[in-house]
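J.: My questions all concern the structure below.
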Amino acid sequence: MDDQLLVYVYNVGVGDCIYLRVPDRDANGTTRMRHIVVDCGTIDPNASEELLKLAITHITRMLPRDPASGRKRLDLLAVTHPHMDHFASFGLESTAPRWRRMQIERLWLNALMDPDNPNAQRAREQLRAGNLALQALLQADLHPALTQLAQELFSLNQGQIASNARELLSGGLTPPLYVDDGTPADALQLFDEPGAAIHVLAPSRRIDADYLGVTDSDPADVFAEFNRHILTAAGDAINWEFDNGDLTISRGDFRRLRARMGSRAVLLAMAQNELINNSSIVFLLTWRGRRLLFTGDAECKFTRKGRFEEGKQNFSWNVMWARHRALLDEPLDFLKVGHHGSDNATPWTGDRPDNEANQILDAIAPRNGNRLHAVVSAARYASWPGNIPRRALLEELGQRIANARTYDESSHYEATSGGNWPTDAAERAALFVPGDVPQPPRTDLERRRGAPVRYIRVAFRPQEEP
Amino acid sequence: MPEDKEKRRLTLATRKNLYESAHLLRRDSSRELGVFLQGLWAYVQDPRVAAADPAQGIQQLEVRWEPGLGDGPVSARFAVLDYNADTGALIPPARWSQRGARYTGPDGQTLDASQCDSFQFHQVNMWAVAQSVLDLYEAPQALGRPIPWAFGGNRLILVPHAGYDENAYYDRNSKSLQFYYFGAAGAPTYTCLSHDIIAHEMGHAVLDGIRPFYYHYTSLQTAAFHEAIADLTAIIIAILNNPLRRSVGAAGHGALDRDNAIALLAEEFGAEVMRSSSLRNANNTFTMDDFAVDTSPHDLSQVLTGAMFEILAGIAAIHQRDGRSSPLQALWWAADRFRRLALQPLDFCPPVDIQFADYARAVLKNFLLYEERDSDHGQAYYGLIHDVFHRRQICPFDAAHCRADPRQCAVAPGDAPRMEIIHDINRIARSRAAAYYFLNDNRRQLHIPLQQDIEVVDLYDTAKYGAAAVRLPREIIVEYVWREEVPLEDARFGRLQGTRAELLCGGTLVLDGRGNVLAWENKPGFTGERDVQAGRQRRDALLEHIARQTRFGIAGEPETAVPGPWSPAVVVSVEDGRLQLAIPPPLRNPLHATAEDEPNPWRQLQWTTSF
């Protein structure tokens with residue numbers, strides 16, 4: 001066991017909670033285990049709080065006790081981005097104290113979370129404008145469906161739990177290091193062993209430029225101007241009090257119109273979420289010839305040119321491929337499939353072979369390879385996003401990995417997306433992988449096998465050894 | 001005493017009297033008698049054009065007085081509501097002065113050119129242009145009948161300052177036209193001040209009112225047709241504006257075949273956003289071959305818009321060549337003829353799934369029926385129209401075939417229906433139920449499958465004018481639709497595999513006052529006994545269209561309960577278990593990629609121009 005690198009991916013509903021145990025041999029030949037946690041959250045804390053508690057309990061049990069402080073020691077806690085499905089456990093009353101009790105040696109947060117980051121000024125404006133608009137929308141309560149959507153977007157990174165989590169992470173555990181791809185290597189140094197290292201590939205140091213396409217030479221970005229407009233015009237809060245004497249249409253028509261137009265706030269919030277996803281810490285762990293990639297929710301959609309463009313809005317994967325190709329352009333041993341298996345966070349575009357996304361996937365996960373192990377931390381969720389995980393992507397990955405599985409859930413597959421698909425058949429066609437088709441191991445379906453398995457474990461021996 | 005002061009003395013009773021009899025009055029008489037509102041100022045192009053040439057700047061528009069005008073402005077068919085969705089502000093409306101019979105600012109100030117920066121001027125500007133467009137369509141020189149909206153209710157809500165965006169759009173769902181503004185703080189560009197943009201959006205609203213099934217994204221050409229008619233609306237309303245036409249005519253010596261304020265669409269927007277002279281230019285030479293199958297509706301629309309503008313310019317040139325009128329007079333005659341030529345055929349168009357060729361055929365048919373014999377140049381006009389449609393590759397027939405008999409282009413495919421069971425025309429015109437009995441009794445002649453339940457989706461008669469205000473024969477028009485199911489069976493439909501789409505079928509039957517068939521446009525299905533081959537071709541085209549959307553990854557998502565800017569570019573909704581494709585209003589934008597310039601969905605779906 002001491003020469004095995006272990007990866008535990010826990011079932012926490014729609015969310016990530018990953019524990020790594022990495023053997024680290026110093027110059028004297030003494031091996032010490034390094035303990036790393038990457039994210040710990042769930043999108044629906046009400047439904048999955050117990051799962052989080054079980055995961056943290058399991059992790060804690062595996063951590064060593066520090067002889068000096070008597071507390072359980074964690075070498076690194078990396079929170080890829082502040083979305084509920086990645087950091088809820090740091091804000092929940094039932095789980096936050098468990099983190100407080102640990103001795104956390106290093107805490108990494110992404111550079112967008114740094115309030116003083118000069119390269120993310122426009123991005124922070126976007127976050128503020130999105131929050132403001134969303135709050136106003138919730139307050140107005142224009143349409144049940146719109147309010148529900150707004151509530152779900154709001155709760156993703158706002159609200160009491162998120163606020164608690166931010167507070168804890170900003171200083172309640174240990175002073176954070178805000179990391180990006182420009183963070184000096186010595187600041188990221190975790191291992192004594194020369195053959196082990198962590199390389200941060202994302203977020204980009206140039207958040208405004210790379211993810212928003214806003215540069216000093218082209219500041220007239222309509223989206224950025226829109227954010228500024230909202231912040232300037234609305235001040236601290238959007239006004240929803242009206243002089244009814246100025247109303248020239250019926251209240252019913254006005255409500256309908258506002259609901260329709262109010263959807264712009266949702267647009268802002270969705271853009272905000274995309275930005276936050278793109279700011280995910282993505283790191284490559286290299287260990288004795290093994291290459292493990294942890295992706296957070298870094299996004300990869302169709303870019304305008306199908307590839308990275310300097311000075312334009314790009315997605316995290318395209319930026320990584322442009323800036324860190326030397327590190328990425330080689331098959332992986334492990335891939336944490338991004339964004340719970342949805343189709344916006346893995347570089348693959350289906351039938352568009354000319355898109356560079358496919359080039360990236362072919363590099364890190366060649367077809368018919370026997371090296372890559374992948375895990376999807378997913379759960380089918382009765383509401384938004386309603387499209388996780390994607391069948392086509394899972395089937396594609398199933399052909400590229402060494403640890404593919406089949407799951408026979410056909411007998412009990414039920415449509416659960418709450419009307420997000422036009423028909424149950426459409427949902428099934430989009431989400432359900434047939435029982436005889438290989439796909440990556442999934443935290444949701446492993447649980448259903450009946451055993452008390454609440455995680456998927458993947459073990460790696462050094463590459464040099466047979 | 002100045003003339004306008006004299007007009008303001010009209011009593012309310014006199015105004016009502018004039019209103020009741022306005023339909024009997026010619027425009028000159030209406031003007032003399034004071035039928036029109038006074039002090040209704042608006043941009044005839046946009047602020048940028050106005051700054052460059054005051055002759056194309058702010059002018060008085062003619063909108064008739066009507067009872068029930070109110071603050072806003074609010075009229076029978078429009079309600080201006082100045083609501084900003086980004087800031088939550090409800091901006092005070094322009095005030096209606098019953099005594100003065102005019103709109104003023106909140107403090108009673110006259111909303112003339114000196115007030116062009118006030119939001120109340122913007123409100124009146126937008127309302128006046130929208131009202132002018134509706135008047136254009138309802139006039140006997142166009143459709144000669146009241147235009148319905150496509151939504152429940154009769155007031156279209158006009159929102160001049162909806163929020164910050166490079167956009168403006170017609171949204172059937174909220175019964176509104178929404179106009180956004182953009183640019184640096186302190187000097188924003190207001191889309192609500194662009195005559196072209198308002199007219200374009202009104203064109204969408206009017207077309208949606210008279211042909212609501214074109215809202216369904218059944219083919220690229222159907223969506224492109226919406227855009228072309230919207231642009232044509234802006235062109236026609238512009239060339240009918242006397243000072244603007246004179247200004248353009250004087251600059252071009254009566255010719256339109258060079259870039260001018262009438263051909264250039266949305267100049268200010270184009271300059272600010274695209275760094276070009278306009279958003280689009282109707283003075284173009286595009287043909288169908290210039291656009292791949294995966295182009296956007298906006299791009300493809302330029303072929304039809306360009307064709308129609310070329311016809312307008314050609315008619316003006318023919319008028320000029322005959323030497324009987326001055327260049328400016330020739331331009332007026334051309335404008336007058338062109339509005340009939342372009343707009344009246346809309347009544348001949350099929351109720352669903354229109355293609356450019358359908359409209360071209362309607363134009364030619366309408367011309368042969370009503371225009372050809374009204375002019376010494378009838379044959380020359382027909383030759384011009386015919387040649388343009390061929391050169392632009394809009395006419396589906398091959399050129400040699402049409403050269404042998406150019407009138408073939410005006411003939412609809414299939415047999416001219418000879419009804420088996422004759423109904424009294426007045427009975428048909430009486431109600432949709434009566435029209436249904438007539439259609440049902442003649443299913444075989446109209447190629448309607450026996451098992452399909454048909455719906456009479458519109459029934460109306462018209463009172464149109466031809467040249468020199470000659471009254472045209474009464475037309476009774478029946479539109480009917482049925483739906484056939486098309487299974488989406490194979491993998492090319494991606495997430496939609498296993499579901500069913502609907503093929504919209506139906507026809508438009510134009511009858512004269514004695515019950516004779518003037519025109520018949522038919523969109524056949526594939527489940528009947530007649531036209532099955534054509535119906536199968538339509539079915540296959542629909543399947544390929546859906547598959548193409550699926551390939552681009554922009555179809556297949558359901559429309560959310562509250563559709564909005566986050567919706568995919570093409571949304572799917574379900575009616576009676578069948579899928580329909582539609583383009584969400586804010587996203588009536590370039591939908592497809594070209595090899596050179598693939599779309600960025602984030603940017604494209606959310607921040608592109610929809611007009």
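Ordering of the structure tokens sets the chain letters (A, B, ...); residue numbers start at 1 within each chain; ligands are numbered from 1 in the order shown.
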Would you mind listing what lies within 10 Å of Gln131 in chain B as a ChimeraX atom specification, with only C-alpha atoms counted and same-chain residues fewer than 2 positions away left out?
T.: /B:61-64,75-78,125-129,133-136,199,202
J.: For N, CA and C atoms, I'd like the residues from the last selection saved as a PDB file, in the first residue's frame.
T.:
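Resulting contents of part.pdb:
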ATOM      1  N   LEU B  61     -44.170  63.462 -38.427  1.00  0.00           N
ATOM      2  CA  LEU B  61     -44.832  62.312 -39.040  1.00  0.00           C
ATOM      3  C   LEU B  61     -46.340  62.510 -38.980  1.00  0.00           C
ATOM      4  N   GLU B  62     -47.039  61.844 -39.889  1.00  0.00           N
ATOM      5  CA  GLU B  62     -48.489  61.979 -39.947  1.00  0.00           C
ATOM      6  C   GLU B  62     -49.155  60.747 -39.355  1.00  0.00           C
ATOM      7  N   VAL B  63     -49.748  60.954 -38.199  1.00  0.00           N
ATOM      8  CA  VAL B  63     -50.509  59.892 -37.547  1.00  0.00           C
ATOM      9  C   VAL B  63     -51.887  60.462 -37.231  1.00  0.00           C
ATOM     10  N   ARG B  64     -52.904  59.698 -37.545  1.00  0.00           N
ATOM     11  CA  ARG B  64     -54.270  60.209 -37.368  1.00  0.00           C
ATOM     12  C   ARG B  64     -54.651  60.325 -35.893  1.00  0.00           C
ATOM     13  N   SER B  75     -52.433  54.142 -27.746  1.00  0.00           N
ATOM     14  CA  SER B  75     -53.470  54.280 -28.777  1.00  0.00           C
ATOM     15  C   SER B  75     -54.193  52.946 -28.892  1.00  0.00           C
ATOM     16  N   ALA B  76     -55.052  52.839 -29.878  1.00  0.00           N
ATOM     17  CA  ALA B  76     -55.854  51.617 -29.988  1.00  0.00           C
ATOM     18  C   ALA B  76     -54.982  50.379 -30.123  1.00  0.00           C
ATOM     19  N   ARG B  77     -53.860  50.475 -30.834  1.00  0.00           N
ATOM     20  CA  ARG B  77     -53.074  49.290 -31.143  1.00  0.00           C
ATOM     21  C   ARG B  77     -51.712  49.254 -30.461  1.00  0.00           C
ATOM     22  N   PHE B  78     -51.363  50.326 -29.766  1.00  0.00           N
ATOM     23  CA  PHE B  78     -50.035  50.384 -29.142  1.00  0.00           C
ATOM     24  C   PHE B  78     -50.121  50.958 -27.729  1.00  0.00           C
ATOM     25  N   ASN B 125     -41.383  59.283 -30.492  1.00  0.00           N
ATOM     26  CA  ASN B 125     -40.695  58.901 -31.728  1.00  0.00           C
ATOM     27  C   ASN B 125     -41.005  57.447 -32.092  1.00  0.00           C
ATOM     28  N   MET B 126     -40.859  56.594 -31.112  1.00  0.00           N
ATOM     29  CA  MET B 126     -41.042  55.164 -31.367  1.00  0.00           C
ATOM     30  C   MET B 126     -42.503  54.860 -31.704  1.00  0.00           C
ATOM     31  N   TRP B 127     -43.396  55.460 -30.967  1.00  0.00           N
ATOM     32  CA  TRP B 127     -44.822  55.222 -31.194  1.00  0.00           C
ATOM     33  C   TRP B 127     -45.235  55.715 -32.582  1.00  0.00           C
ATOM     34  N   ALA B 128     -44.763  56.908 -32.940  1.00  0.00           N
ATOM     35  CA  ALA B 128     -45.168  57.493 -34.220  1.00  0.00           C
ATOM     36  C   ALA B 128     -44.685  56.631 -35.387  1.00  0.00           C
ATOM     37  N   VAL B 129     -43.465  56.123 -35.291  1.00  0.00           N
ATOM     38  CA  VAL B 129     -42.954  55.278 -36.377  1.00  0.00           C
ATOM     39  C   VAL B 129     -43.726  53.968 -36.423  1.00  0.00           C
ATOM     40  N   VAL B 133     -46.039  52.495 -39.539  1.00  0.00           N
ATOM     41  CA  VAL B 133     -45.865  51.196 -40.201  1.00  0.00           C
ATOM     42  C   VAL B 133     -47.184  50.440 -40.229  1.00  0.00           C
ATOM     43  N   LEU B 134     -47.899  50.473 -39.116  1.00  0.00           N
ATOM     44  CA  LEU B 134     -49.200  49.781 -39.107  1.00  0.00           C
ATOM     45  C   LEU B 134     -50.142  50.415 -40.134  1.00  0.00           C
ATOM     46  N   ASP B 135     -50.132  51.742 -40.181  1.00  0.00           N
ATOM     47  CA  ASP B 135     -50.963  52.442 -41.185  1.00  0.00           C
ATOM     48  C   ASP B 135     -50.564  52.014 -42.598  1.00  0.00           C
ATOM     49  N   LEU B 136     -49.267  51.887 -42.822  1.00  0.00           N
ATOM     50  CA  LEU B 136     -48.780  51.468 -44.138  1.00  0.00           C
ATOM     51  C   LEU B 136     -49.399  50.134 -44.543  1.00  0.00           C
ATOM     52  N   ALA B 199     -39.003  50.121 -37.758  1.00  0.00           N
ATOM     53  CA  ALA B 199     -39.795  49.593 -38.874  1.00  0.00           C
ATOM     54  C   ALA B 199     -39.520  48.104 -39.080  1.00  0.00           C
ATOM     55  N   MET B 202     -41.320  46.228 -36.396  1.00  0.00           N
ATOM     56  CA  MET B 202     -42.752  46.274 -36.708  1.00  0.00           C
ATOM     57  C   MET B 202     -43.077  45.323 -37.857  1.00  0.00           C
TER      58      MET B 202
END
J.: Can you pull out the residues contacting Val486 in chain B? Cut-off 12 Å, using only C-alpha atoms, and skip same-chain residues under 6 positions away; I want them as a PyMOL selection string.
T.: chain B and resi 497-504+525-527+535-536+538-544+546+577-580
J.: Output the selection as an mmCIF file, in the first residue's frame - N, CA and C atoms for each residue.
T.:
data_model
loop_
_atom_site.group_PDB
_atom_site.id
_atom_site.type_symbol
_atom_site.label_atom_id
_atom_site.label_comp_id
_atom_site.auth_asym_id
_atom_site.auth_seq_id
_atom_site.Cartn_x
_atom_site.Cartn_y
_atom_site.Cartn_z
ATOM 1 N N GLN B 497 -33.842 11.868 -31.070
ATOM 2 C CA GLN B 497 -34.175 10.571 -31.654
ATOM 3 C C GLN B 497 -35.281 9.903 -30.837
ATOM 4 N N GLY B 498 -36.238 9.346 -31.549
ATOM 5 C CA GLY B 498 -37.344 8.683 -30.868
ATOM 6 C C GLY B 498 -38.542 9.576 -30.634
ATOM 7 N N THR B 499 -38.402 10.850 -30.960
ATOM 8 C CA THR B 499 -39.542 11.757 -30.796
ATOM 9 C C THR B 499 -40.176 12.022 -32.162
ATOM 10 N N ARG B 500 -41.181 12.877 -32.183
ATOM 11 C CA ARG B 500 -41.885 13.166 -33.435
ATOM 12 C C ARG B 500 -41.904 14.668 -33.671
ATOM 13 N N ALA B 501 -41.686 15.036 -34.904
ATOM 14 C CA ALA B 501 -41.825 16.442 -35.289
ATOM 15 C C ALA B 501 -43.150 16.602 -36.028
ATOM 16 N N GLU B 502 -43.520 17.852 -36.292
ATOM 17 C CA GLU B 502 -44.737 18.028 -37.062
ATOM 18 C C GLU B 502 -44.416 18.745 -38.360
ATOM 19 N N LEU B 503 -45.023 18.224 -39.420
ATOM 20 C CA LEU B 503 -44.911 18.877 -40.718
ATOM 21 C C LEU B 503 -46.170 19.711 -40.895
ATOM 22 N N LEU B 504 -45.971 21.020 -40.942
ATOM 23 C CA LEU B 504 -47.118 21.908 -41.129
ATOM 24 C C LEU B 504 -47.513 21.888 -42.598
ATOM 25 N N GLY B 525 -48.937 17.616 -47.791
ATOM 26 C CA GLY B 525 -48.382 16.629 -46.875
ATOM 27 C C GLY B 525 -48.029 15.366 -47.634
ATOM 28 N N PHE B 526 -47.701 14.327 -46.893
ATOM 29 C CA PHE B 526 -47.301 13.081 -47.546
ATOM 30 C C PHE B 526 -48.241 11.925 -47.212
ATOM 31 N N THR B 527 -49.360 12.245 -46.560
ATOM 32 C CA THR B 527 -50.235 11.158 -46.120
ATOM 33 C C THR B 527 -51.480 11.019 -46.974
ATOM 34 N N GLY B 535 -45.101 16.292 -51.067
ATOM 35 C CA GLY B 535 -45.191 16.213 -49.612
ATOM 36 C C GLY B 535 -43.998 15.485 -49.020
ATOM 37 N N ARG B 536 -43.566 14.420 -49.688
ATOM 38 C CA ARG B 536 -42.395 13.684 -49.191
ATOM 39 C C ARG B 536 -41.143 14.548 -49.266
ATOM 40 N N ARG B 538 -41.095 17.715 -48.940
ATOM 41 C CA ARG B 538 -41.188 18.659 -47.821
ATOM 42 C C ARG B 538 -40.799 17.961 -46.519
ATOM 43 N N ARG B 539 -41.284 16.755 -46.348
ATOM 44 C CA ARG B 539 -40.947 15.993 -45.138
ATOM 45 C C ARG B 539 -39.430 15.785 -45.050
ATOM 46 N N ASP B 540 -38.823 15.387 -46.152
ATOM 47 C CA ASP B 540 -37.386 15.126 -46.134
ATOM 48 C C ASP B 540 -36.601 16.416 -45.860
ATOM 49 N N ALA B 541 -37.094 17.502 -46.414
ATOM 50 C CA ALA B 541 -36.417 18.788 -46.170
ATOM 51 C C ALA B 541 -36.512 19.165 -44.694
ATOM 52 N N LEU B 542 -37.665 18.899 -44.090
ATOM 53 C CA LEU B 542 -37.823 19.200 -42.663
ATOM 54 C C LEU B 542 -36.876 18.336 -41.833
ATOM 55 N N LEU B 543 -36.793 17.059 -42.175
ATOM 56 C CA LEU B 543 -35.909 16.163 -41.425
ATOM 57 C C LEU B 543 -34.461 16.624 -41.542
ATOM 58 N N GLU B 544 -34.066 17.017 -42.735
ATOM 59 C CA GLU B 544 -32.698 17.479 -42.920
ATOM 60 C C GLU B 544 -32.466 18.775 -42.137
ATOM 61 N N ILE B 546 -33.959 19.676 -39.324
ATOM 62 C CA ILE B 546 -33.825 19.345 -37.896
ATOM 63 C C ILE B 546 -32.475 18.680 -37.637
ATOM 64 N N GLY B 577 -47.748 16.446 -28.269
ATOM 65 C CA GLY B 577 -46.755 15.380 -28.388
ATOM 66 C C GLY B 577 -45.820 15.534 -29.562
ATOM 67 N N ARG B 578 -45.962 16.603 -30.325
ATOM 68 C CA ARG B 578 -45.081 16.793 -31.480
ATOM 69 C C ARG B 578 -44.161 17.982 -31.258
ATOM 70 N N LEU B 579 -42.961 17.808 -31.742
ATOM 71 C CA LEU B 579 -41.960 18.849 -31.534
ATOM 72 C C LEU B 579 -42.092 19.949 -32.578
ATOM 73 N N GLN B 580 -41.826 21.162 -32.126
ATOM 74 C CA GLN B 580 -41.757 22.286 -33.060
ATOM 75 C C GLN B 580 -40.469 23.041 -32.777
#
J.: Set the distance at 12 Å and use only C-alpha atoms: which residues neighbour Ser204 in chain A once local chain neighbours fewer than 4 positions away are removed? I'd like the list as a CSV table (one decimal) with N, CA and C atoms, in the first residue's frame.
T.:
chain,number,residue,atom,x,y,z
A,110,ASN,N,-8.8,29.6,-6.0
A,110,ASN,CA,-8.4,30.1,-7.3
A,110,ASN,C,-8.3,31.6,-7.3
A,111,ALA,N,-7.6,32.1,-8.3
A,111,ALA,CA,-7.2,33.5,-8.3
A,111,ALA,C,-8.3,34.5,-8.5
A,112,LEU,N,-9.5,34.0,-9.0
A,112,LEU,CA,-10.6,34.9,-9.1
A,112,LEU,C,-11.2,35.2,-7.7
A,119,ASN,N,-5.8,41.4,-12.2
A,119,ASN,CA,-6.1,40.8,-13.5
A,119,ASN,C,-7.6,40.3,-13.7
A,120,ALA,N,-8.4,40.6,-12.6
A,120,ALA,CA,-9.7,40.0,-12.6
A,120,ALA,C,-10.7,41.1,-12.3
A,178,TYR,N,-3.9,32.1,-3.3
A,178,TYR,CA,-4.7,32.2,-4.5
A,178,TYR,C,-3.8,31.8,-5.6
A,179,VAL,N,-4.2,30.7,-6.3
A,179,VAL,CA,-3.3,30.2,-7.3
A,179,VAL,C,-3.9,30.4,-8.7
A,180,ASP,N,-2.9,30.5,-9.6
A,180,ASP,CA,-3.3,30.5,-11.1
A,180,ASP,C,-2.1,29.9,-11.8
A,181,ASP,N,-2.1,30.0,-13.1
A,181,ASP,CA,-1.0,29.3,-13.8
A,181,ASP,C,0.3,30.0,-13.8
A,182,GLY,N,0.3,31.2,-13.2
A,182,GLY,CA,1.5,31.9,-13.0
A,182,GLY,C,2.1,31.9,-11.6
A,183,THR,N,1.5,31.1,-10.7
A,183,THR,CA,2.0,31.0,-9.4
A,183,THR,C,3.3,30.2,-9.4
A,200,VAL,N,0.0,23.7,-11.8
A,200,VAL,CA,-1.3,24.3,-11.9
A,200,VAL,C,-1.4,24.8,-13.4
A,208,ASP,N,-9.3,38.3,-16.9
A,208,ASP,CA,-10.2,39.2,-17.7
A,208,ASP,C,-9.9,39.0,-19.2
A,209,ALA,N,-8.7,38.9,-19.6
A,209,ALA,CA,-8.3,38.8,-21.0
A,209,ALA,C,-8.7,37.5,-21.6
A,210,ASP,N,-8.5,36.4,-20.9
A,210,ASP,CA,-8.6,35.1,-21.5
A,210,ASP,C,-10.1,34.6,-21.4
A,211,TYR,N,-10.8,34.9,-20.3
A,211,TYR,CA,-12.1,34.3,-20.1
A,211,TYR,C,-13.2,35.3,-20.5
A,212,LEU,N,-12.9,36.6,-20.5
A,212,LEU,CA,-13.9,37.6,-20.9
A,212,LEU,C,-13.6,38.2,-22.2
A,275,LEU,N,-18.1,31.9,-15.8
A,275,LEU,CA,-16.8,32.5,-15.5
A,275,LEU,C,-16.2,31.8,-14.3
A,278,ASN,N,-14.9,28.5,-15.3
A,278,ASN,CA,-13.6,28.6,-16.0
A,278,ASN,C,-12.4,29.0,-15.1
A,279,SER,N,-12.8,29.6,-13.9
A,279,SER,CA,-11.7,30.0,-13.0
A,279,SER,C,-11.3,28.8,-12.1
A,280,SER,N,-11.9,27.6,-12.4
A,280,SER,CA,-11.5,26.4,-11.6
A,280,SER,C,-10.0,26.2,-11.6
A,281,ILE,N,-9.5,25.8,-10.4
A,281,ILE,CA,-8.1,25.3,-10.4
A,281,ILE,C,-8.1,24.0,-11.1
A,282,VAL,N,-7.2,23.9,-12.1
A,282,VAL,CA,-6.9,22.6,-12.8
A,282,VAL,C,-5.5,22.3,-12.5
A,283,PHE,N,-5.2,21.1,-12.0
A,283,PHE,CA,-3.8,20.8,-11.7
A,283,PHE,C,-3.5,19.4,-12.2
A,298,ALA,N,-13.7,23.2,-15.1
A,298,ALA,CA,-13.2,24.0,-16.2
A,298,ALA,C,-14.0,23.7,-17.5
A,314,ASN,N,-12.4,33.0,-24.3
A,314,ASN,CA,-12.0,31.6,-24.4
A,314,ASN,C,-12.5,30.8,-23.2
A,315,PHE,N,-12.5,29.5,-23.4
A,315,PHE,CA,-12.8,28.6,-22.3
A,315,PHE,C,-11.5,28.1,-21.7
A,316,SER,N,-11.6,27.6,-20.5
A,316,SER,CA,-10.5,27.2,-19.7
A,316,SER,C,-9.6,26.2,-20.5
A,317,TRP,N,-10.3,25.2,-21.1
A,317,TRP,CA,-9.5,24.1,-21.7
A,317,TRP,C,-8.7,24.7,-22.9
A,318,ASN,N,-9.3,25.6,-23.7
A,318,ASN,CA,-8.6,26.2,-24.8
A,318,ASN,C,-7.4,27.0,-24.3
A,319,VAL,N,-7.6,27.7,-23.2
A,319,VAL,CA,-6.4,28.5,-22.7
A,319,VAL,C,-5.3,27.5,-22.2
A,320,MET,N,-5.7,26.5,-21.6
A,320,MET,CA,-4.7,25.5,-21.1
A,320,MET,C,-3.9,24.9,-22.3
A,321,TRP,N,-4.7,24.6,-23.3
A,321,TRP,CA,-4.0,24.0,-24.5
A,321,TRP,C,-3.1,24.9,-25.2
A,322,ALA,N,-3.4,26.2,-25.1
A,322,ALA,CA,-2.6,27.2,-25.8
A,322,ALA,C,-1.3,27.5,-24.9
A,323,ARG,N,-1.5,27.5,-23.6
A,323,ARG,CA,-0.4,28.0,-22.8
A,323,ARG,C,0.4,26.8,-22.2
A,324,HIS,N,-0.2,25.7,-22.0
A,324,HIS,CA,0.5,24.6,-21.3
A,324,HIS,C,0.4,23.3,-22.1
J.: Please give the complete set of residues from range 52-282 of chain A that DSSP, run on the backbone, assigns to strand (DSSP E), formatted as a ChimeraX atom specification.
T.: /A:73-74,76-79,103-104,107-110,177-179,196-202,282
J.: I want to know what sits within 12 Å of Glu193 in chain A, based on only C-alpha atoms, with residues of the same chain fewer than 6 positions away left out; could you give that as a PyMOL selection string?
T.: chain A and resi 22-34+286-288
J.: Just checking: using only C-alpha atoms, which residue out of A:Cys17, A:Val433, A:Ala197, A:Val375 ends up closest to Ala392 in chain A?
T.: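 Between A:Cys17, A:Val433, A:Ala197, A:Val375, the residue approaching Ala392 in chain A most closely is A:Val433.
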J.: Set the distance at 10 Å and use only C-alpha atoms: which residues neighbour range 108-121 of chain B once local chain neighbours fewer than 3 positions away are removed? I'd like the list as a PyMOL selection string.
T.: chain B and resi 39-43+47+57-60+72-73+82+91-97+102-105+124-127+160-161+193
J.: Calculated over only C-alpha atoms, which of the candidates B:Asp71, B:Asp299, B:Asp512, B:Glu420 has the smallest distance to chain A?
T.: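 Looking at the shortest contact to chain A, the residue is B:Asp71.
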J.: Find the residues near Gly70 in chain A: any atom within 12 Å, counting only C-alpha atoms, skip ones fewer than 4 places away on the same chain, and give them as a ChimeraX atom specification.
T.: /A:63-66,101-103
J.: When you draw a straight line from CA of Phe493 in chain B to CA of Asp343 in chain A, how long is it in Å?
T.: 16.9 Å
J.: Which residues, written as an NGL selection string, have at least one atom at most 8 Å from Ala101 in chain B, with only C-alpha atoms counted and residues fewer than 5 positions away on the same chain left out?
T.: :B and (8 or 37-38 or 65 or 96)
J.: Store the residues of this selection in a file with N, CA and C atoms, as a compact mmCIF listing (two decimals), in the first residue's frame.
T.:
# COMPACT_ATOMS: atom_id res chain seq x y z
N ARG B 8 -55.79 73.53 -34.50
CA ARG B 8 -55.94 73.18 -33.10
C ARG B 8 -57.29 73.63 -32.56
N LEU B 37 -52.40 64.30 -36.22
CA LEU B 37 -51.92 64.97 -35.01
C LEU B 37 -50.86 65.99 -35.38
N GLN B 38 -50.80 67.03 -34.62
CA GLN B 38 -49.76 68.03 -34.82
C GLN B 38 -48.62 67.79 -33.85
N TRP B 65 -55.41 61.36 -35.61
CA TRP B 65 -56.03 61.47 -34.28
C TRP B 65 -57.01 60.31 -34.13
N TRP B 96 -50.48 63.10 -22.73
CA TRP B 96 -51.42 63.44 -23.79
C TRP B 96 -52.25 64.63 -23.35
J.: If DSSP is run on the backbone, what residues of range 18-248 of chain A are alpha helix (DSSP H)? A reply as an NGL selection string would be ideal.
T.: :A and (45-62 or 84-87 or 96-100 or 121-140 or 144-157 or 159-167 or 207 or 222-234)
J.: Separation of CA of Phe334 in chain A and CA of Leu293 in chain A, in Å?
T.: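 Distance between the two atoms: 6.0 Å.
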J.: Could you tell me which of A:Asp246, A:Asp444, A:Glu409, A:Glu167 comes closest to Leu92 in chain A if we count only C-alpha atoms?
T.: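 Counting only C-alpha atoms, the residue closest to Leu92 in chain A is A:Glu167.
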